[in-house]
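Data block for my_file_34.txt (compact mmCIF, C-alpha atoms):
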```txt
# COMPACT_ATOMS: atom_id res chain seq x y z
CA MET A 55 -4.55 -5.83 -25.94
CA THR A 56 -2.99 -8.94 -24.39
CA THR A 57 0.79 -9.07 -24.43
CA SER A 58 2.10 -11.99 -26.49
CA ILE A 59 5.20 -13.83 -25.23
CA GLY A 60 6.82 -16.79 -26.92
CA THR A 61 10.08 -18.71 -26.92
CA ASP A 62 11.58 -16.24 -29.41
CA THR A 63 10.55 -13.09 -27.51
CA TRP A 64 13.54 -10.88 -26.68
CA ALA A 65 12.53 -9.85 -23.17
CA ALA A 66 14.27 -7.40 -20.88
CA VAL A 67 13.41 -7.14 -17.18
CA PHE A 68 14.14 -3.65 -15.88
CA GLY A 69 14.74 -3.76 -12.12
CA TYR A 70 15.65 -6.88 -10.17
CA GLY A 71 13.75 -6.69 -6.90
CA ILE A 72 11.01 -9.08 -5.81
CA GLU A 73 8.89 -8.53 -8.92
CA GLY A 74 11.87 -8.46 -11.27
CA ARG A 75 13.04 -11.83 -10.02
CA SER A 76 9.49 -13.17 -10.32
CA ALA A 77 9.27 -11.94 -13.92
CA VAL A 78 12.54 -13.67 -14.83
CA ARG A 79 11.35 -16.95 -13.27
CA TRP A 80 8.09 -16.72 -15.21
CA LEU A 81 9.80 -15.99 -18.52
CA ARG A 82 12.05 -19.00 -18.02
CA ARG A 83 9.06 -21.21 -17.22
CA LEU A 84 7.49 -20.05 -20.49
CA GLY A 85 10.60 -21.20 -22.31
CA CYS A 86 11.64 -17.69 -23.31
CA ARG A 87 15.18 -18.12 -24.65
CA HIS A 88 16.27 -14.49 -24.76
CA VAL A 89 16.06 -12.87 -21.32
CA ARG A 90 18.18 -10.03 -19.98
CA VAL A 91 18.14 -8.07 -16.73
CA ILE A 92 18.69 -4.33 -16.62
CA SER A 93 19.69 -3.00 -13.19
CA ASN A 94 22.07 -0.59 -11.53
CA GLU A 95 24.39 -3.34 -10.32
CA ARG A 96 24.89 -6.93 -11.36
CA PRO A 97 22.77 -9.15 -9.05
CA ASP A 98 24.69 -11.80 -7.13
CA ASP A 99 21.97 -14.40 -7.69
CA LEU A 100 21.61 -14.01 -11.45
CA ASP A 101 21.50 -17.31 -13.36
CA ALA A 102 24.38 -17.95 -15.72
CA GLY A 103 22.02 -17.99 -18.71
CA ILE A 104 20.68 -14.49 -18.02
CA VAL A 105 22.44 -11.49 -19.52
CA TRP A 106 22.96 -8.46 -17.26
CA ILE A 107 23.26 -4.92 -18.61
CA ALA A 108 23.75 -1.72 -16.62
CA THR A 109 20.81 0.69 -16.46
CA THR A 110 22.92 3.53 -17.81
CA ASP A 111 23.82 1.70 -21.03
CA HIS A 112 20.58 2.44 -22.90
CA GLU A 113 21.76 1.26 -26.31
CA ALA A 114 22.98 -2.12 -25.12
CA ALA A 115 20.08 -2.59 -22.72
CA LEU A 116 17.44 -2.15 -25.42
CA ALA A 117 19.20 -3.61 -28.44
CA GLY A 118 16.92 -6.18 -30.07
CA VAL A 119 14.38 -6.04 -27.24
CA THR A 120 10.79 -6.77 -28.27
CA LEU A 121 9.28 -6.59 -24.76
CA LEU A 122 10.36 -4.58 -21.70
CA ILE A 123 8.99 -5.60 -18.29
CA LYS A 124 9.63 -2.89 -15.72
CA SER A 125 9.50 -3.10 -11.95
CA PRO A 126 6.69 -1.03 -10.38
CA GLY A 127 8.88 1.45 -8.52
CA ILE A 128 10.54 2.75 -11.68
CA PRO A 129 8.78 5.99 -12.72
CA PRO A 130 7.61 6.51 -16.32
CA SER A 131 9.96 9.51 -16.52
CA HIS A 132 13.06 7.30 -16.23
CA PRO A 133 15.42 8.01 -19.15
CA LEU A 134 15.60 4.37 -20.20
CA LEU A 135 11.81 4.14 -20.41
CA LEU A 136 11.72 7.33 -22.46
CA VAL A 137 14.24 5.84 -24.87
CA ALA A 138 12.21 2.62 -25.07
CA GLY A 139 9.07 4.63 -25.78
CA SER A 140 10.77 6.57 -28.56
CA ALA A 141 11.96 3.30 -30.07
CA GLY A 142 8.45 1.84 -29.98
CA ILE A 143 9.40 -0.99 -27.61
CA PRO A 144 6.30 -2.34 -25.81
CA THR A 145 6.62 -1.80 -22.07
CA THR A 146 4.59 -3.56 -19.40
CA SER A 147 4.81 -4.77 -15.78
CA SER A 148 4.30 -7.98 -13.84
CA THR A 149 0.92 -6.83 -12.53
CA THR A 150 -0.33 -5.90 -15.98
CA LEU A 151 0.83 -9.22 -17.42
CA PHE A 152 -0.77 -11.17 -14.59
CA VAL A 153 -4.15 -9.45 -14.86
CA GLU A 154 -4.14 -9.84 -18.64
CA LYS A 155 -3.45 -13.56 -18.45
CA ALA A 156 -5.89 -14.14 -15.58
CA ARG A 157 -8.71 -12.32 -17.37
CA ASP A 158 -7.96 -14.20 -20.61
CA ALA A 159 -8.34 -17.43 -18.62
CA GLY A 160 -11.73 -16.29 -17.31
CA LEU A 161 -10.56 -16.05 -13.71
CA ALA A 162 -12.15 -13.84 -11.07
CA VAL A 163 -9.72 -11.05 -10.12
CA ILE A 164 -10.43 -8.61 -7.28
CA GLY A 165 -8.09 -5.64 -7.55
CA VAL A 166 -7.79 -3.36 -4.52
CA THR A 167 -6.27 0.11 -4.58
CA GLY A 168 -6.52 3.41 -2.74
CA SER A 169 -4.30 6.04 -1.20
CA LYS A 170 -4.60 4.16 2.08
CA GLY A 171 -6.44 1.06 3.23
CA LYS A 172 -5.66 -1.15 0.25
CA SER A 173 -3.47 -3.66 2.10
CA THR A 174 -5.88 -4.08 5.01
CA THR A 175 -8.90 -4.29 2.69
CA ALA A 176 -7.24 -6.84 0.40
CA THR A 177 -6.31 -8.95 3.43
CA LEU A 178 -9.85 -8.76 4.82
CA ILE A 179 -11.30 -9.83 1.48
CA ALA A 180 -9.00 -12.84 1.23
CA LYS A 181 -9.60 -13.86 4.85
CA THR A 182 -13.38 -13.48 4.49
CA LEU A 183 -13.43 -15.65 1.37
CA GLU A 184 -11.32 -18.23 3.19
CA ALA A 185 -13.73 -18.15 6.15
CA ALA A 186 -16.52 -18.90 3.69
CA ALA A 187 -14.53 -21.86 2.31
CA ILE A 188 -14.15 -20.13 -1.05
CA PRO A 189 -10.75 -20.90 -2.61
CA THR A 190 -8.71 -17.72 -2.84
CA VAL A 191 -5.16 -16.50 -3.28
CA LEU A 192 -3.70 -13.14 -2.21
CA VAL A 193 -1.02 -11.67 -4.45
CA GLY A 194 0.67 -8.34 -4.97
CA ASN A 195 2.44 -6.06 -2.53
CA ILE A 196 1.34 -8.01 0.57
CA GLY A 197 0.93 -11.46 -0.94
CA ARG A 198 3.03 -13.65 -3.17
CA PRO A 199 4.47 -12.13 -6.36
CA ALA A 200 1.65 -12.48 -8.88
CA LEU A 201 3.57 -14.18 -11.67
CA ASP A 202 4.85 -16.83 -9.24
CA VAL A 203 1.33 -18.28 -8.99
CA MET A 204 0.25 -17.82 -12.61
CA GLU A 205 0.17 -21.50 -13.58
CA ASP A 206 -1.35 -22.53 -10.24
CA VAL A 207 -4.30 -20.13 -10.46
CA VAL A 208 -5.03 -21.09 -14.05
CA SER A 209 -5.15 -24.76 -13.00
CA ASN A 210 -7.04 -24.39 -9.70
CA ARG A 211 -9.15 -21.29 -10.49
CA PRO A 212 -9.42 -19.60 -7.08
CA VAL A 213 -10.69 -16.07 -6.57
CA ILE A 214 -7.59 -13.90 -6.93
CA VAL A 215 -7.16 -10.86 -4.69
CA VAL A 216 -4.53 -8.39 -5.91
CA GLU A 217 -3.38 -5.41 -3.83
CA MET A 218 -2.26 -2.68 -6.26
CA SER A 219 -0.32 0.52 -5.71
CA SER A 220 -0.57 3.46 -8.09
CA TYR A 221 2.75 2.28 -9.52
CA GLN A 222 0.96 -0.90 -10.62
CA THR A 223 -2.38 0.54 -11.76
CA HIS A 224 -1.04 3.35 -13.93
CA ASP A 225 -0.11 1.09 -16.86
CA LEU A 226 -2.92 -1.48 -16.67
CA SER A 227 -4.20 -2.57 -20.06
CA VAL A 228 -7.24 -4.39 -18.68
CA GLY A 229 -8.75 -3.97 -15.24
CA PRO A 230 -9.78 -6.64 -12.74
CA SER A 231 -13.24 -8.15 -12.82
CA VAL A 232 -13.89 -6.48 -9.45
CA ALA A 233 -12.15 -3.18 -8.64
CA VAL A 234 -12.18 -1.88 -5.06
CA ILE A 235 -11.18 1.75 -4.44
CA THR A 236 -10.80 2.78 -0.80
CA ARG A 237 -9.66 6.42 -0.61
CA LEU A 238 -8.13 9.14 -2.75
CA PHE A 239 -5.77 11.86 -1.52
CA PRO A 240 -2.40 13.17 -2.76
CA GLU A 241 0.51 10.73 -2.55
CA HIS A 242 3.61 9.92 -4.63
CA LEU A 243 3.31 13.21 -6.51
CA ASP A 244 6.97 13.33 -7.51
CA TRP A 245 6.70 9.87 -9.09
CA HIS A 246 3.52 10.68 -11.03
CA GLY A 247 4.25 14.32 -11.75
CA GLY A 248 1.25 15.85 -9.97
CA VAL A 249 -2.10 15.25 -8.30
CA ALA A 250 -4.08 14.85 -11.53
CA ALA A 251 -1.70 12.19 -12.87
CA TYR A 252 -1.72 10.35 -9.53
CA TYR A 253 -5.51 10.29 -9.34
CA ALA A 254 -5.73 9.16 -12.96
CA ALA A 255 -3.28 6.34 -12.23
CA LYS A 256 -5.33 5.16 -9.26
CA LEU A 257 -8.63 5.28 -11.14
CA LYS A 258 -7.21 3.41 -14.11
CA ILE A 259 -8.08 0.26 -12.17
CA ALA A 260 -11.71 1.05 -13.04
CA ALA A 261 -11.21 2.90 -16.32
CA THR A 262 -9.74 -0.27 -17.87
CA GLN A 263 -12.52 -2.58 -16.69
CA ARG A 264 -15.08 -4.14 -19.03
CA GLU A 265 -18.84 -4.00 -19.14
CA GLY A 266 -20.09 -6.70 -16.80
CA ASP A 267 -17.32 -6.04 -14.29
CA VAL A 268 -17.95 -4.41 -10.89
CA THR A 269 -16.43 -1.28 -9.33
CA ILE A 270 -16.77 -1.00 -5.53
CA TRP A 271 -16.04 2.49 -4.26
CA ASN A 272 -16.09 4.46 -1.03
CA ALA A 273 -18.93 6.98 -1.29
CA ALA A 274 -17.80 8.59 1.98
CA ASP A 275 -14.63 9.82 0.27
CA PRO A 276 -15.20 13.26 -1.30
CA GLU A 277 -12.48 12.90 -3.95
CA LEU A 278 -14.02 9.68 -5.21
CA ALA A 279 -17.57 10.99 -4.99
CA ARG A 280 -16.85 13.92 -7.28
CA ARG A 281 -15.28 11.67 -9.94
CA VAL A 282 -17.82 8.85 -10.24
CA PRO A 283 -18.36 7.01 -12.58
CA PHE A 284 -14.82 5.81 -13.12
CA GLY A 285 -15.35 3.41 -16.00
CA PRO A 286 -17.78 1.11 -17.82
CA ALA A 287 -18.37 -1.41 -15.02
CA ARG A 288 -21.37 -1.62 -12.69
CA HIS A 289 -20.71 0.60 -9.68
CA LEU A 290 -21.45 -0.41 -6.08
CA ALA A 291 -21.03 2.23 -3.38
CA TYR A 292 -20.27 1.64 0.28
CA GLY A 293 -19.77 3.95 3.22
CA ILE A 294 -23.05 5.88 3.12
CA GLU A 295 -25.39 3.24 4.51
CA PRO A 296 -25.12 1.58 7.93
CA ALA A 297 -22.75 -1.37 8.00
CA ARG A 298 -24.44 -4.72 7.31
CA PHE A 299 -22.31 -6.52 9.85
CA SER A 300 -21.64 -6.28 13.57
CA HIS A 301 -18.33 -4.73 14.57
CA ALA A 302 -18.82 -5.36 18.29
CA ARG A 303 -15.91 -7.83 18.38
CA MET A 304 -13.80 -6.03 15.77
CA LYS A 305 -10.14 -5.78 16.76
CA LEU A 306 -9.17 -3.23 14.12
CA ARG A 307 -9.43 0.33 15.42
CA GLY A 308 -10.93 3.40 13.83
CA PRO A 309 -13.74 4.52 11.50
CA HIS A 310 -11.45 4.06 8.50
CA ASN A 311 -11.09 0.36 9.28
CA ARG A 312 -14.85 -0.04 9.56
CA LEU A 313 -15.02 1.38 6.03
CA ASN A 314 -12.33 -1.07 4.93
CA ALA A 315 -14.44 -3.87 6.37
CA GLN A 316 -17.49 -2.63 4.46
CA ALA A 317 -15.49 -2.71 1.25
CA ALA A 318 -14.29 -6.23 2.03
CA LEU A 319 -17.82 -7.46 2.61
CA SER A 320 -19.10 -5.84 -0.60
CA ALA A 321 -16.41 -7.62 -2.61
CA SER A 322 -16.53 -11.01 -0.92
CA GLU A 323 -20.34 -11.17 -1.04
CA LEU A 324 -20.13 -11.22 -4.84
CA PHE A 325 -18.60 -14.68 -4.51
CA GLY A 326 -20.89 -16.09 -1.83
CA ALA A 327 -19.47 -14.90 1.48
CA GLN A 328 -21.82 -13.56 4.15
CA PRO A 329 -21.55 -11.01 6.99
CA LEU A 330 -20.97 -13.78 9.53
CA HIS A 331 -17.78 -14.76 7.71
CA LEU A 332 -16.46 -11.20 7.89
CA GLU A 333 -17.43 -10.96 11.57
CA HIS A 334 -15.45 -14.12 12.27
CA VAL A 335 -12.39 -12.54 10.64
CA LEU A 336 -12.81 -9.21 12.43
CA ALA A 337 -12.89 -10.95 15.81
CA SER A 338 -9.38 -12.34 15.30
CA PHE A 339 -7.57 -10.05 12.83
CA SER A 340 -5.80 -7.21 14.64
CA GLY A 341 -4.09 -5.71 11.61
CA LEU A 342 -0.94 -5.78 9.53
CA PRO A 343 2.49 -4.61 10.74
CA HIS A 344 3.05 -0.83 10.73
CA ARG A 345 -0.69 -0.12 10.42
CA LEU A 346 -1.89 0.98 13.86
CA GLU A 347 0.28 -1.86 15.15
CA ASP A 348 -0.11 -2.16 18.90
CA LEU A 349 3.36 -2.71 20.36
CA GLY A 350 1.99 -3.25 23.83
CA VAL A 351 2.70 -1.41 27.08
CA ARG A 352 6.22 -0.39 27.99
CA GLY A 353 6.78 1.72 31.08
CA ASN A 354 3.02 1.97 31.71
CA VAL A 355 2.53 3.59 28.29
CA ARG A 356 0.99 1.97 25.21
CA TRP A 357 2.93 2.43 21.97
CA ILE A 358 1.29 2.40 18.53
CA ASN A 359 3.33 1.95 15.33
CA ASP A 360 1.57 3.52 12.34
CA SER A 361 4.61 3.99 10.12
CA ILE A 362 2.42 3.32 7.06
CA ALA A 363 0.98 6.84 7.50
CA THR A 364 2.91 8.60 4.73
CA ALA A 365 0.42 11.43 4.25
CA PRO A 366 -1.43 13.82 6.62
CA GLU A 367 -4.83 12.24 5.90
CA ALA A 368 -3.57 8.87 7.11
CA ALA A 369 -2.29 10.38 10.36
CA VAL A 370 -5.67 12.06 10.95
CA ALA A 371 -7.33 8.64 10.56
CA ALA A 372 -4.94 7.26 13.19
CA LEU A 373 -5.82 10.08 15.58
CA ASP A 374 -9.52 9.29 14.99
CA ALA A 375 -8.89 5.66 15.92
CA TYR A 376 -7.60 6.43 19.43
CA ASP A 377 -8.87 9.97 20.01
CA SER A 378 -8.64 11.02 23.69
CA GLU A 379 -6.41 8.08 24.65
CA ILE A 380 -3.44 9.70 22.90
CA ALA A 381 -1.15 11.85 25.03
CA THR A 382 1.85 11.98 22.69
CA TYR A 383 2.04 12.21 18.92
CA ILE A 384 5.25 11.58 16.96
CA GLY A 385 5.28 12.70 13.32
CA GLY A 386 7.43 14.04 10.53
CA GLY A 387 9.65 12.67 7.80
CA THR A 388 10.42 13.56 4.19
CA ASP A 389 9.00 16.97 3.29
CA ARG A 390 6.88 16.47 0.16
CA GLY A 391 5.13 19.82 0.40
CA PHE A 392 1.94 18.38 1.90
CA ASP A 393 -0.77 20.59 3.37
CA PHE A 394 -0.50 19.82 7.08
CA ALA A 395 -3.39 22.07 8.13
CA PRO A 396 -5.85 19.12 8.52
CA LEU A 397 -3.36 17.31 10.74
CA ALA A 398 -2.67 20.46 12.75
CA ARG A 399 -6.41 20.96 13.31
CA ALA A 400 -6.79 17.35 14.43
CA LEU A 401 -3.93 17.70 16.91
CA SER A 402 -5.34 20.97 18.25
CA GLU A 403 -8.93 19.73 18.54
CA ARG A 404 -7.81 16.71 20.55
CA ALA A 405 -5.52 18.86 22.72
CA ILE A 406 -2.69 16.36 22.26
CA ARG A 407 -0.41 17.09 25.20
CA ASN A 408 2.93 16.30 23.55
CA VAL A 409 3.73 16.76 19.86
CA ILE A 410 7.19 15.50 18.87
CA LEU A 411 8.36 16.14 15.31
CA LEU A 412 11.12 14.59 13.21
CA PRO A 413 13.33 16.09 10.52
CA PRO A 414 13.44 17.01 7.76
CA GLY A 415 9.72 17.72 7.43
CA GLY A 416 8.85 18.23 11.10
CA PRO A 417 9.21 22.02 10.94
CA ALA A 418 6.49 22.14 8.26
CA ILE A 419 4.08 20.37 10.62
CA LEU A 420 5.15 22.72 13.40
CA ALA A 421 4.46 25.76 11.21
CA ALA A 422 0.97 24.48 10.40
CA LEU A 423 0.27 23.74 14.07
CA SER A 424 1.56 27.14 15.20
CA ALA A 425 -0.64 28.91 12.65
CA ILE A 426 -3.77 27.15 13.92
CA ASP A 427 -2.95 26.88 17.63
CA PRO A 428 0.02 29.02 18.74
CA ALA A 429 -0.01 27.56 22.25
CA ALA A 430 0.15 24.00 20.90
CA GLY A 431 2.92 25.03 18.55
CA ALA A 432 4.90 26.51 21.42
CA ARG A 433 4.65 23.22 23.35
CA ALA A 434 5.74 21.04 20.39
CA SER A 435 9.30 19.74 20.13
CA VAL A 436 11.43 19.21 17.04
CA VAL A 437 14.02 16.49 17.71
CA GLY A 438 17.02 15.20 15.80
CA ASP A 439 15.95 11.64 15.04
CA LEU A 440 13.57 8.83 15.90
CA ALA A 441 15.68 7.57 18.81
CA GLU A 442 15.47 10.99 20.46
CA ALA A 443 11.73 11.13 19.76
CA VAL A 444 11.09 7.79 21.50
CA ALA A 445 13.27 8.77 24.47
CA LEU A 446 11.46 12.10 24.88
CA ALA A 447 8.04 10.47 24.49
CA SER A 448 8.87 7.97 27.24
CA GLN A 449 9.70 10.87 29.57
CA LEU A 450 6.69 13.06 28.77
CA THR A 451 3.83 10.58 28.36
CA PRO A 452 1.71 9.97 31.49
CA ASP A 453 0.95 6.46 32.69
CA GLY A 454 -2.04 4.76 31.11
CA SER A 455 -2.03 6.80 27.89
CA ILE A 456 -0.84 6.24 24.33
CA VAL A 457 2.12 7.30 22.22
CA LEU A 458 1.11 7.35 18.56
CA PHE A 459 3.80 7.22 15.89
CA SER A 460 1.97 8.21 12.70
CA PRO A 461 4.46 10.24 10.65
CA ALA A 462 2.16 11.85 8.04
CA SER A 463 5.20 11.85 5.76
CA PRO A 464 7.25 9.42 3.65
CA SER A 465 10.40 7.83 5.02
CA TYR A 466 12.75 8.26 2.06
CA GLY A 467 16.08 9.93 2.68
CA VAL A 468 16.36 8.46 6.17
CA TYR A 469 14.93 4.95 5.75
CA ARG A 470 14.46 2.71 2.71
CA ASN A 471 10.70 2.52 3.21
CA PHE A 472 7.98 2.74 5.83
CA GLU A 473 8.60 -0.87 6.87
CA GLU A 474 12.19 -0.18 7.85
CA ARG A 475 11.11 2.98 9.67
CA GLY A 476 8.46 1.04 11.59
CA ASP A 477 10.92 -1.73 12.45
CA VAL A 478 13.37 0.86 13.82
CA PHE A 479 10.60 2.44 15.90
CA ARG A 480 9.59 -0.94 17.26
CA GLY A 481 13.18 -1.66 18.19
CA TYR A 482 13.56 1.60 20.10
CA VAL A 483 10.33 0.93 22.01
CA GLN A 484 11.36 -2.61 22.89
CA ALA A 485 14.70 -1.30 24.18
CA LEU A 486 13.05 1.03 26.70
CA ALA A 487 13.61 0.23 30.35
CA GLY A 488 10.86 -1.54 32.22
CA PRO A 489 8.88 -4.76 31.67
CA GLN A 490 6.78 -5.14 28.55
CA GLN A 491 3.16 -6.03 29.07
CA GLU A 492 0.61 -7.47 26.61
CA GLU A 493 1.21 -6.70 22.93
CA SER A 494 -2.39 -6.02 22.05
CA ARG A 495 -5.76 -5.48 23.58
```
Would you write the structure of this file as structure tokens?
Amino acid sequence: MTTSIGTDTWAAVFGYGIEGRSAVRWLRRLGCRHVRVISNERPDDLDAGIVWIATTDHEAALAGVTLLIKSPGIPPSHPLLLVAGSAGIPTTSSTTLFVEKARDAGLAVIGVTGSKGKSTTATLIAKTLEAAAIPTVLVGNIGRPALDVMEDVVSNRPVIVVEMSSYQTHDLSVGPSVAVITRLFPEHLDWHGGVAAYYAAKLKIAATQREGDVTIWNAADPELARRVPFGPARHLAYGIEPARFSHARMKLRGPHNRLNAQAALSASELFGAQPLHLEHVLASFSGLPHRLEDLGVRGNVRWINDSIATAPEAAVAALDAYDSEIATYIGGGTDRGFDFAPLARALSERAIRNVILLPPGGPAILAALSAIDPAAGARASVVGDLAEAVALASQLTPDGSIVLFSPASPSYGVYRNFEERGDVFRGYVQALAGPQQEESR
């Protein structure tokens, strides 16, 4: 059911980050006269006409509210959301509102999700459509805030590409006209409350689609393969047939990125793009920051920043991308209780010479490595922080080889997010003695 908002709607925006600010701007453009912001601290940039209420004051925050718009990072278990649910207050999010309004307007919406690969795939789709001269706009986590472009897309009617995290898919009321699902493995389990809830949240992107829509899914992913079909839409699989494009000039590294490119082609072809358009993009696009980001050569060693790798499966994909070129692996971070055996096997099989592990979760990776390959475990080092890890890697790594930073763990508790962690890593690398050579190859 489409959420109705009018000038007399009493709307509360819970959380005042990028999406919260976007939601407030949109409500004001709609002429909504009763808007309040609920956040931990009063924002410095809050307009005089907007009421602020502290998150902890549930009664005041929800008094008279007829619509609650929450920011995506706030878990459904938050006490204020539980109170709102008990009071029967409709709760939604910016992404849900945007998709509802776009679908009501008959617009084409490509939604992209997955445990990893969603940002790269969404970017490839948008760039491929642009290469084919098909009007498109990229919104979501890596594009503009969706509600900021609402009026523009309704007027100009481009193909909309939306990158969606599980935080954004779990409360969708209607899915996109094209849903792309890249991979499925455990992530964000504390937020969702378990693997089953996390998988259900991811697959809601397809479960809420309509007949006549399209679901594009990675048939090479075992978790997805055992759950198909995901909803009422027509399903298109990729990943089991040879690629229908040449990747000879592809700058992105790794089998996982070739799968991302297949997904991008499958989606963009629905709107008239062709393999040659994707090939043009692949020849120039070297990737997004913190995703196998090549920092260049420093001290005769190439450094790769893959801070986005917040789960063991993502780190294994990074190892696959560079394979025997890697001499030193740096991993570790927040201990979320992951099974690190697949990562340990990948490190052992490649005989990675130097394994450097970070607290607080590094010892868990070390235990998994020692259980599979005691000799490799004995050679591994657990260091105090990322600065020490970079310094040790610069000493141990032989000339002409690669240092891969692919943590296999979240960053929380030490850094705000994976972006900050990756920026810190980049800074430490750039501060190393010796001239820096080319940034990519």
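Minimum atom-to-atom distances from A:Thr56, A:His132, A:Leu116, A:Lys172 to Asp158 in chain A were compared using all atoms listed in the file, and the lowest value belongs to A:Thr56.
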Note to self: I want to know what sits within 10 Å of Gly118 in chain A, based on all atoms listed in the file, with residues of the same chain fewer than 5 positions away left out; could you give that as a ChimeraX atom specification?
What the structure shows: /A:63-66,88,113,143
In the coordinate frame of the file, compute which residues have an atom within 6 Å of (-5.0, 26.1, 16.3) when using all atoms listed in the file, and state them as a compact mmCIF listing (two decimals) with C-alpha atoms, in the frame of the given file.
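Saved file part-v9.txt follows:
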```txt
# COMPACT_ATOMS: atom_id res chain seq x y z
CA SER A 402 -5.34 20.97 18.25
CA ILE A 426 -3.77 27.15 13.92
CA ASP A 427 -2.95 26.88 17.63
```
Note to self: Nearest residue to Pro413 in chain A out of A:Thr364, A:Ser463, A:Ser125, A:Thr150, using only C-alpha atoms?
What the structure shows: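 The answer is A:Ser463, which sits nearest to Pro413 in chain A.
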Notebook entry, point to check: Which neighbours of range 464-467 of chain A fall inside 12 Å, counting only C-alpha atoms, when residues of the same chain fewer than 2 positions from it are skipped, and could you give them as a VMD selection string?
Noted result: chain A and resid 241 to 244 360 to 366 368 to 369 385 to 392 412 to 416 440 460 to 462 469 to 476 478
Selected residues written out with C-alpha atoms, as a short mmCIF file (atom, residue, chain, number, x, y, z; two decimals), in the coordinates of the input:
```
data_model
loop_
_atom_site.label_atom_id
_atom_site.label_comp_id
_atom_site.auth_asym_id
_atom_site.auth_seq_id
_atom_site.Cartn_x
_atom_site.Cartn_y
_atom_site.Cartn_z
CA GLU A 241 0.51 10.73 -2.55
CA HIS A 242 3.61 9.92 -4.63
CA LEU A 243 3.31 13.21 -6.51
CA ASP A 244 6.97 13.33 -7.51
CA ASP A 360 1.57 3.52 12.34
CA SER A 361 4.61 3.99 10.12
CA ILE A 362 2.42 3.32 7.06
CA ALA A 363 0.98 6.84 7.50
CA THR A 364 2.91 8.60 4.73
CA ALA A 365 0.42 11.43 4.25
CA PRO A 366 -1.43 13.82 6.62
CA ALA A 368 -3.57 8.87 7.11
CA ALA A 369 -2.29 10.38 10.36
CA GLY A 385 5.28 12.70 13.32
CA GLY A 386 7.43 14.04 10.53
CA GLY A 387 9.65 12.67 7.80
CA THR A 388 10.42 13.56 4.19
CA ASP A 389 9.00 16.97 3.29
CA ARG A 390 6.88 16.47 0.16
CA GLY A 391 5.13 19.82 0.40
CA PHE A 392 1.94 18.38 1.90
CA LEU A 412 11.12 14.59 13.21
CA PRO A 413 13.33 16.09 10.52
CA PRO A 414 13.44 17.01 7.76
CA GLY A 415 9.72 17.72 7.43
CA GLY A 416 8.85 18.23 11.10
CA LEU A 440 13.57 8.83 15.90
CA SER A 460 1.97 8.21 12.70
CA PRO A 461 4.46 10.24 10.65
CA ALA A 462 2.16 11.85 8.04
CA TYR A 469 14.93 4.95 5.75
CA ARG A 470 14.46 2.71 2.71
CA ASN A 471 10.70 2.52 3.21
CA PHE A 472 7.98 2.74 5.83
CA GLU A 473 8.60 -0.87 6.87
CA GLU A 474 12.19 -0.18 7.85
CA ARG A 475 11.11 2.98 9.67
CA GLY A 476 8.46 1.04 11.59
CA VAL A 478 13.37 0.86 13.82
#
```
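Straight-line separation from CA of Leu450 in chain A to CA of Thr382 in chain A: 7.8 Å.
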Notebook entry, point to check: Looking at A:Ala441, A:Ile410, A:Leu346, A:Val78, which one is nearest to Asp99 in chain A, with distances taken over all atoms listed in the file?
Noted result: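 Residue with the minimum atom-to-atom distance to Asp99 in chain A: A:Val78.
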Next item on the list: Take CA of Ser455 in chain A and CA of Arg404 in chain A and report the distance between them in Å, one decimal.
Entry: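 Spanning CA of Ser455 in chain A to CA of Arg404 in chain A is a straight-line distance of 13.6 Å.
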Note to self: When you count only C-alpha atoms, which of these residues is closest to Asn354 in chain A: A:Ala321, A:Val228, A:Ala487, A:Asp439?
What the structure shows: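 Selected residue with least distance to Asn354 in chain A: A:Ala487.
Counting all atoms listed in the file, the residue from A:Ala186, A:Val208, A:Ala317, A:Ala254 that sits nearest to Phe239 in chain A is A:Ala254.
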Any chance you could tabulate, as a Markdown table, the residues of range 166-191 of chain A at most 12 Å from range 267-274 of chain A with each one's nearest atom pair and distance in Å to one decimal, using all atoms listed in the file, in chain and rising number order?
```
| residue | atom | partner | partner_atom | distance |
| --- | --- | --- | --- | --- |
| A:Val166 | CA | A:Ile270 | CA | 9.3 |
| A:Thr167 | CA | A:Trp271 | CA | 10.1 |
| A:Gly168 | CA | A:Trp271 | CA | 9.7 |
| A:Ser169 | CA | A:Asn272 | CA | 11.9 |
| A:Lys170 | CA | A:Asn272 | CA | 11.9 |
| A:Gly171 | CA | A:Asn272 | CA | 11.1 |
| A:Lys172 | CA | A:Trp271 | CA | 11.9 |
| A:Thr175 | CA | A:Ile270 | CA | 11.8 |
```
Check: How many Å separate CA of Gln328 in chain A from CA of Leu313 in chain A?
Finding: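 Between CA of Gln328 in chain A and CA of Leu313 in chain A the gap works out to 16.5 Å.
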